[in-house]
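Enquirer: The structure file my_file-v6.cif (mmCIF, C-alpha atoms) is provided below.
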```
data_work
#
loop_
_atom_site.group_PDB
_atom_site.id
_atom_site.type_symbol
_atom_site.label_atom_id
_atom_site.label_comp_id
_atom_site.auth_asym_id
_atom_site.auth_seq_id
_atom_site.Cartn_x
_atom_site.Cartn_y
_atom_site.Cartn_z
ATOM 1 C CA MET A 1 -95.797 47.233 25.294
ATOM 2 C CA THR A 2 -93.949 45.232 22.635
ATOM 3 C CA GLY A 3 -90.599 46.273 24.086
ATOM 4 C CA ARG A 4 -91.611 45.181 27.591
ATOM 5 C CA PHE A 5 -92.935 41.881 26.262
ATOM 6 C CA GLY A 6 -89.685 41.198 24.418
ATOM 7 C CA THR A 7 -87.548 42.118 27.428
ATOM 8 C CA LEU A 8 -89.517 39.833 29.738
ATOM 9 C CA LEU A 9 -89.430 37.003 27.205
ATOM 10 C CA ARG A 10 -85.662 37.236 26.741
ATOM 11 C CA ARG A 11 -85.153 37.227 30.509
ATOM 12 C CA ASP A 12 -87.409 34.231 31.041
ATOM 13 C CA LEU A 13 -85.890 32.254 28.180
ATOM 14 C CA ALA A 14 -82.385 32.903 29.503
ATOM 15 C CA ARG A 15 -83.407 31.523 32.904
ATOM 16 C CA LEU A 16 -85.367 28.528 31.631
ATOM 17 C CA LEU A 17 -83.137 27.467 28.746
ATOM 18 C CA VAL A 18 -79.880 27.703 30.695
ATOM 19 C CA GLY A 19 -81.353 27.007 34.097
ATOM 20 C CA GLY A 20 -78.162 26.866 36.174
ATOM 21 C CA ARG A 21 -78.361 24.041 38.674
ATOM 22 C CA GLY A 22 -81.881 23.218 37.447
ATOM 23 C CA GLY A 23 -80.508 21.830 34.197
ATOM 24 C CA GLY A 24 -82.403 24.189 31.929
ATOM 25 C CA ALA A 25 -83.999 22.739 28.793
ATOM 26 C CA VAL A 26 -81.590 19.783 28.716
ATOM 27 C CA LEU A 27 -82.988 18.028 31.788
ATOM 28 C CA PRO A 28 -86.590 17.610 30.505
ATOM 29 C CA VAL A 29 -85.295 16.257 27.179
ATOM 30 C CA LEU A 30 -82.963 13.775 28.891
ATOM 31 C CA PHE A 31 -85.776 12.674 31.191
ATOM 32 C CA PHE A 32 -88.121 12.279 28.214
ATOM 33 C CA LEU A 33 -85.614 10.161 26.286
ATOM 34 C CA SER A 34 -84.812 8.095 29.383
ATOM 35 C CA VAL A 35 -88.458 7.103 29.709
ATOM 36 C CA ALA A 36 -88.568 6.167 26.015
ATOM 37 C CA MET A 37 -85.432 4.045 26.388
ATOM 38 C CA LEU A 38 -86.495 2.262 29.584
ATOM 39 C CA TYR A 39 -90.086 1.475 28.594
ATOM 40 C CA PRO A 40 -89.181 -1.248 26.029
ATOM 41 C CA PHE A 41 -87.117 -3.017 28.702
ATOM 42 C CA ALA A 42 -90.134 -2.967 31.027
ATOM 43 C CA VAL A 43 -92.698 -4.431 28.597
ATOM 44 C CA GLY A 44 -90.419 -6.741 26.617
ATOM 45 C CA PRO A 45 -89.627 -7.064 22.908
ATOM 46 C CA ASP A 46 -93.237 -7.258 21.705
ATOM 47 C CA ALA A 47 -93.156 -4.852 18.747
ATOM 48 C CA GLN A 48 -96.943 -4.700 18.398
ATOM 49 C CA LEU A 49 -97.406 -3.862 22.079
ATOM 50 C CA LEU A 50 -94.749 -1.152 21.889
ATOM 51 C CA ALA A 51 -96.335 0.383 18.791
ATOM 52 C CA ARG A 52 -99.797 0.256 20.377
ATOM 53 C CA THR A 53 -98.774 1.858 23.668
ATOM 54 C CA GLY A 54 -95.816 3.984 22.582
ATOM 55 C CA GLY A 55 -97.854 7.104 21.848
ATOM 56 C CA GLY A 56 -99.342 7.100 25.326
ATOM 57 C CA VAL A 57 -95.901 6.652 26.856
ATOM 58 C CA ILE A 58 -94.654 9.682 24.921
ATOM 59 C CA TRP A 59 -97.535 11.772 26.269
ATOM 60 C CA VAL A 60 -96.922 10.687 29.873
ATOM 61 C CA ALA A 61 -93.193 11.374 29.493
ATOM 62 C CA ALA A 62 -93.968 14.823 28.042
ATOM 63 C CA LEU A 63 -96.193 15.653 31.019
ATOM 64 C CA LEU A 64 -93.592 14.534 33.554
ATOM 65 C CA ALA A 65 -90.851 16.430 31.704
ATOM 66 C CA ALA A 66 -92.984 19.591 31.733
ATOM 67 C CA ILE A 67 -93.321 19.333 35.527
ATOM 68 C CA LEU A 68 -89.576 19.379 36.209
ATOM 69 C CA PRO A 69 -89.021 23.188 36.086
ATOM 70 C CA LEU A 70 -92.187 24.191 37.994
ATOM 71 C CA ASP A 71 -90.270 25.293 41.093
ATOM 72 C CA ARG A 72 -88.375 27.876 39.008
ATOM 73 C CA LEU A 73 -91.350 29.403 37.198
ATOM 74 C CA VAL A 74 -92.880 31.840 39.690
ATOM 75 C CA GLU A 75 -91.745 31.486 43.302
ATOM 76 C CA PRO A 76 -88.153 32.809 42.893
ATOM 77 C CA ASP A 77 -89.451 36.061 41.393
ATOM 78 C CA ILE A 78 -91.949 36.515 44.234
ATOM 79 C CA GLU A 79 -89.227 35.919 46.835
ATOM 80 C CA GLN A 80 -86.892 38.415 45.120
ATOM 81 C CA GLY A 81 -89.600 41.080 44.814
ATOM 82 C CA MET A 82 -89.515 41.113 41.017
ATOM 83 C CA PHE A 83 -93.307 41.296 40.727
ATOM 84 C CA ASP A 84 -93.295 44.377 42.963
ATOM 85 C CA GLN A 85 -90.745 46.043 40.687
ATOM 86 C CA TRP A 86 -92.729 45.161 37.569
ATOM 87 C CA ALA A 87 -95.901 46.525 39.172
ATOM 88 C CA LEU A 88 -94.144 49.844 39.846
ATOM 89 C CA ARG A 89 -93.248 49.978 36.148
ATOM 90 C CA GLY A 90 -96.847 49.404 35.121
ATOM 91 C CA ILE A 91 -96.407 45.791 34.054
ATOM 92 C CA SER A 92 -99.366 43.710 35.187
ATOM 93 C CA GLU A 93 -99.107 40.269 36.732
ATOM 94 C CA GLU A 94 -101.248 38.910 33.900
ATOM 95 C CA MET A 95 -98.734 40.080 31.325
ATOM 96 C CA VAL A 96 -95.827 38.564 33.248
ATOM 97 C CA ILE A 97 -97.671 35.249 33.562
ATOM 98 C CA ALA A 98 -98.552 35.255 29.849
ATOM 99 C CA VAL A 99 -94.897 35.812 28.930
ATOM 100 C CA ARG A 100 -93.834 33.128 31.416
ATOM 101 C CA MET A 101 -96.217 30.671 29.762
ATOM 102 C CA LEU A 102 -94.693 31.346 26.346
ATOM 103 C CA ALA A 103 -91.145 31.046 27.686
ATOM 104 C CA HIS A 104 -91.976 27.830 29.538
ATOM 105 C CA TRP A 105 -93.449 26.311 26.384
ATOM 106 C CA LEU A 106 -90.483 27.372 24.234
ATOM 107 C CA SER A 107 -88.098 25.827 26.768
ATOM 108 C CA PHE A 108 -89.660 22.359 26.679
ATOM 109 C CA GLY A 109 -92.272 22.072 23.876
ATOM 110 C CA PRO A 110 -90.152 22.284 20.695
ATOM 111 C CA PRO A 111 -87.226 20.344 22.274
ATOM 112 C CA LEU A 112 -89.582 17.513 23.239
ATOM 113 C CA MET A 113 -91.093 17.469 19.759
ATOM 114 C CA LEU A 114 -87.599 17.035 18.328
ATOM 115 C CA ALA A 115 -86.789 14.371 20.921
ATOM 116 C CA THR A 116 -89.933 12.509 19.853
ATOM 117 C CA LEU A 117 -88.182 11.533 16.612
ATOM 118 C CA PRO A 118 -85.605 9.225 18.258
ATOM 119 C CA ALA A 119 -88.148 8.237 20.916
ATOM 120 C CA SER A 120 -90.556 7.021 18.236
ATOM 121 C CA ALA A 121 -87.839 4.770 16.808
ATOM 122 C CA LEU A 122 -87.204 3.289 20.252
ATOM 123 C CA LEU A 123 -90.918 2.648 20.697
ATOM 124 C CA GLY A 124 -91.511 1.295 17.199
ATOM 125 C CA LEU A 125 -94.013 3.941 16.045
ATOM 126 C CA ASP A 126 -94.731 4.082 12.321
ATOM 127 C CA ALA A 127 -94.701 7.287 10.277
ATOM 128 C CA GLU A 128 -98.454 7.926 10.589
ATOM 129 C CA SER A 129 -98.428 7.445 14.354
ATOM 130 C CA LEU A 130 -95.426 9.753 14.628
ATOM 131 C CA ARG A 131 -97.269 12.413 12.617
ATOM 132 C CA ILE A 132 -100.298 12.229 14.920
ATOM 133 C CA VAL A 133 -98.116 12.341 18.035
ATOM 134 C CA GLU A 134 -96.217 15.392 16.783
ATOM 135 C CA ILE A 135 -99.428 17.251 15.879
ATOM 136 C CA GLY A 136 -100.899 16.309 19.239
ATOM 137 C CA LEU A 137 -97.835 17.581 21.102
ATOM 138 C CA LEU A 138 -97.928 20.815 19.104
ATOM 139 C CA ALA A 139 -101.558 21.275 20.134
ATOM 140 C CA GLY A 140 -101.283 20.017 23.704
ATOM 141 C CA THR A 141 -97.944 21.189 25.099
ATOM 142 C CA PRO A 142 -99.008 24.881 25.187
ATOM 143 C CA GLY A 143 -101.840 23.785 27.468
ATOM 144 C CA LEU A 144 -99.371 21.897 29.662
ATOM 145 C CA ALA A 145 -97.230 25.046 29.852
ATOM 146 C CA ALA A 146 -100.239 27.197 30.801
ATOM 147 C CA LEU A 147 -101.335 24.688 33.423
ATOM 148 C CA GLY A 148 -97.831 24.423 34.862
ATOM 149 C CA VAL A 149 -97.357 28.185 35.238
ATOM 150 C CA THR A 150 -100.812 28.601 36.771
ATOM 151 C CA VAL A 151 -100.282 25.858 39.350
ATOM 152 C CA ALA A 152 -96.787 27.207 40.105
ATOM 153 C CA ALA A 153 -98.364 30.600 40.839
ATOM 154 C CA LEU A 154 -101.116 29.057 42.975
ATOM 155 C CA THR A 155 -98.636 27.111 45.116
ATOM 156 C CA SER A 156 -95.977 29.820 45.399
ATOM 157 C CA GLY A 157 -95.186 30.661 48.994
ATOM 158 C CA LEU A 158 -96.549 27.368 50.319
ATOM 159 C CA ARG A 159 -94.347 24.932 52.192
ATOM 160 C CA GLY A 160 -93.465 22.095 49.835
ATOM 161 C CA GLY A 161 -94.848 24.078 46.922
ATOM 162 C CA ALA A 162 -92.681 22.355 44.317
ATOM 163 C CA ALA A 163 -93.917 18.873 45.203
ATOM 164 C CA LEU A 164 -97.472 20.139 45.558
ATOM 165 C CA SER A 165 -97.299 21.719 42.100
ATOM 166 C CA GLY A 166 -96.447 18.401 40.494
ATOM 167 C CA LEU A 167 -99.199 16.595 42.386
ATOM 168 C CA LEU A 168 -101.760 19.177 41.244
ATOM 169 C CA VAL A 169 -100.670 19.335 37.611
ATOM 170 C CA ILE A 170 -100.870 15.591 36.968
ATOM 171 C CA PRO A 171 -104.628 15.123 37.608
ATOM 172 C CA MET A 172 -105.501 18.451 35.977
ATOM 173 C CA ALA A 173 -103.635 17.406 32.828
ATOM 174 C CA VAL A 174 -105.587 14.150 32.469
ATOM 175 C CA PRO A 175 -108.002 15.546 29.808
ATOM 176 C CA LEU A 176 -105.072 16.592 27.622
ATOM 177 C CA LEU A 177 -103.504 13.156 28.027
ATOM 178 C CA ILE A 178 -106.758 11.383 27.219
ATOM 179 C CA PHE A 179 -107.428 13.426 24.087
ATOM 180 C CA GLY A 180 -103.814 13.429 22.936
ATOM 181 C CA ALA A 181 -103.077 9.748 23.455
ATOM 182 C CA GLY A 182 -106.610 8.791 22.380
ATOM 183 C CA SER A 183 -106.065 10.372 18.972
ATOM 184 C CA LEU A 184 -103.766 7.442 18.192
ATOM 185 C CA SER A 185 -106.466 4.836 18.725
ATOM 186 C CA VAL A 186 -110.088 5.582 17.859
ATOM 187 C CA ALA A 187 -110.453 9.348 18.189
ATOM 188 C CA GLY A 188 -108.205 10.310 15.258
ATOM 189 C CA GLU A 189 -108.630 13.871 14.052
ATOM 190 C CA SER A 190 -111.389 14.538 16.582
ATOM 191 C CA GLY A 191 -108.959 13.662 19.389
ATOM 192 C CA LEU A 192 -106.476 16.210 18.049
ATOM 193 C CA ALA A 193 -109.247 18.820 17.836
ATOM 194 C CA LEU A 194 -110.269 18.170 21.435
ATOM 195 C CA THR A 195 -106.620 18.395 22.515
ATOM 196 C CA ALA A 196 -106.305 21.786 20.816
ATOM 197 C CA ALA A 197 -109.605 22.976 22.315
ATOM 198 C CA ALA A 198 -108.592 21.996 25.852
ATOM 199 C CA SER A 199 -105.229 23.672 25.340
ATOM 200 C CA LEU A 200 -106.868 26.900 24.127
ATOM 201 C CA VAL A 201 -109.142 26.990 27.176
ATOM 202 C CA LEU A 202 -106.147 26.662 29.476
ATOM 203 C CA LEU A 203 -104.259 29.357 27.568
ATOM 204 C CA ALA A 204 -107.216 31.734 27.897
ATOM 205 C CA ILE A 205 -107.691 31.171 31.636
ATOM 206 C CA ALA A 206 -104.094 30.879 32.815
ATOM 207 C CA PRO A 207 -102.929 34.543 32.676
ATOM 208 C CA PHE A 208 -105.859 35.731 34.792
ATOM 209 C CA ALA A 209 -105.779 32.837 37.271
ATOM 210 C CA GLY A 210 -101.994 33.049 37.575
ATOM 211 C CA GLY A 211 -102.044 36.836 37.908
ATOM 212 C CA ALA A 212 -104.639 36.674 40.693
ATOM 213 C CA ALA A 213 -102.595 34.010 42.501
ATOM 214 C CA VAL A 214 -99.437 36.139 42.295
ATOM 215 C CA ARG A 215 -101.259 39.163 43.699
ATOM 216 C CA ALA A 216 -102.544 37.052 46.588
ATOM 217 C CA ALA A 217 -99.037 35.714 47.267
ATOM 218 C CA ARG A 218 -97.588 39.226 47.223
ATOM 219 C CA GLY A 219 -100.268 40.572 49.526
#
```
Translate this file's structure into structure tokens.

Expert:
Amino acid sequence: MTGRFGTLLRRDLARLLVGGRGGGAVLPVLFFLSVAMLYPFAVGPDAQLLARTGGGVIWVAALLAAILPLDRLVEPDIEQGMFDQWALRGISEEMVIAVRMLAHWLSFGPPLMLATLPASALLGLDAESLRIVEIGLLAGTPGLAALGVTVAALTSGLRGGAALSGLLVIPMAVPLLIFGAGSLSVAGESGLALTAAASLVLLAIAPFAGGAAVRAARG
């Protein structure tokens, strides 16, 4: 089991980190930093306004960056019959989806957390706000990864599935955004706890929901 898990994880990381024409892990980071650079031009040079709203902007940029690779998460493997081959080898859809969630998070979560350091300087966040944002991203981005893989599985095989995936993920991720960004204002530590709790719920549900969706798409 461990060997299969490691093999699947290496394969998924190679596809998501390099990405070919999809840009791999570089594209979400560049998109994330572009939002952080453009936002101050949109709202003006008000340092207090930037500091007050910067954490929320980082969360929105993280969500949008996590959406970018959704079209490469599940549908190509269904079209190529990879899930059929894994099933013949005794590898369940739930296991494949769980590994895909981990690979998806590793391909965008840690890079975005590193990119938050220069983004926080552009947005004028102080050290305490940066600490809360980083902890919130550590707690919340696994939930975004789980949600993204699940929605990608649910929309695989549908016409316009890539666009539909993004449209579905955004409203479903609203609780994570509210708790994560809210931790910078009045929620504090309780906001971070709620972010982690919502993320854990998504992580627990995603392998089973995604696995069922893949089986339905294969059938």

Enquirer: In Å, how far is it from atom CA of Gly166 of chain A to atom CA of Leu70 of chain A?

Expert: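 Atom-to-atom, atom CA of Gly166 of chain A to atom CA of Leu70 of chain A, that is 7.6 Å.
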
Enquirer: Between atom CA of Ser156 of chain A and atom CA of Phe83 of chain A, what is the spacing in Å?

Expert: 12.7 Å

Enquirer: Return as a list in words the set of residues that the PyMOL selection byres ((chain A and resi 121) around 12) yields on the displayed structure.

Expert: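 Those residues are Leu33, Ala36, Met37, Pro40, Ala47, Leu50, Ala51, Gly54, Gly55, Ile58, Ala115, Thr116, Leu117, Pro118, Ala119, Ser120, Leu122, Leu123, Gly124, Leu125, Asp126, Ala127, Ser129 and Leu130 of chain A.
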
Enquirer: Looking at A:Pro69, A:Leu38, A:Leu177, A:Val96, which one is nearest to Asp84 of chain A, with distances taken over all atoms listed in the file?

Expert: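 Distance minimum relative to Asp84 of chain A lands on A:Val96.
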
Enquirer: Please, what distance in Å, to one decimal, runs between atom CA of Leu17 of chain A and atom CA of Ala181 of chain A?

Expert: 27.2 Å

Enquirer: Decode the PyMOL selection byres ((chain A and resi 198-202) around 12) for the given file into explicit residues and return them as a PyMOL selection string.

Expert: chain A and resi 98+101+136-151+172-180+191-197+203-210

Enquirer: Check the smallest atom-to-atom distance from each of A:Trp105, A:Trp86, A:Phe41, A:Trp59 to Leu73 of chain A using only C-alpha atoms, then report the winner.

Expert: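 The closest residue to Leu73 of chain A is A:Trp105.
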
Enquirer: For Val26 of chain A, which residue out of A:Ala66, A:Asp71, A:Leu158, A:Ser190 is the nearest one, using only C-alpha atoms?

Expert: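 Using only C-alpha atoms, the shortest distance to Val26 of chain A belongs to A:Ala66.
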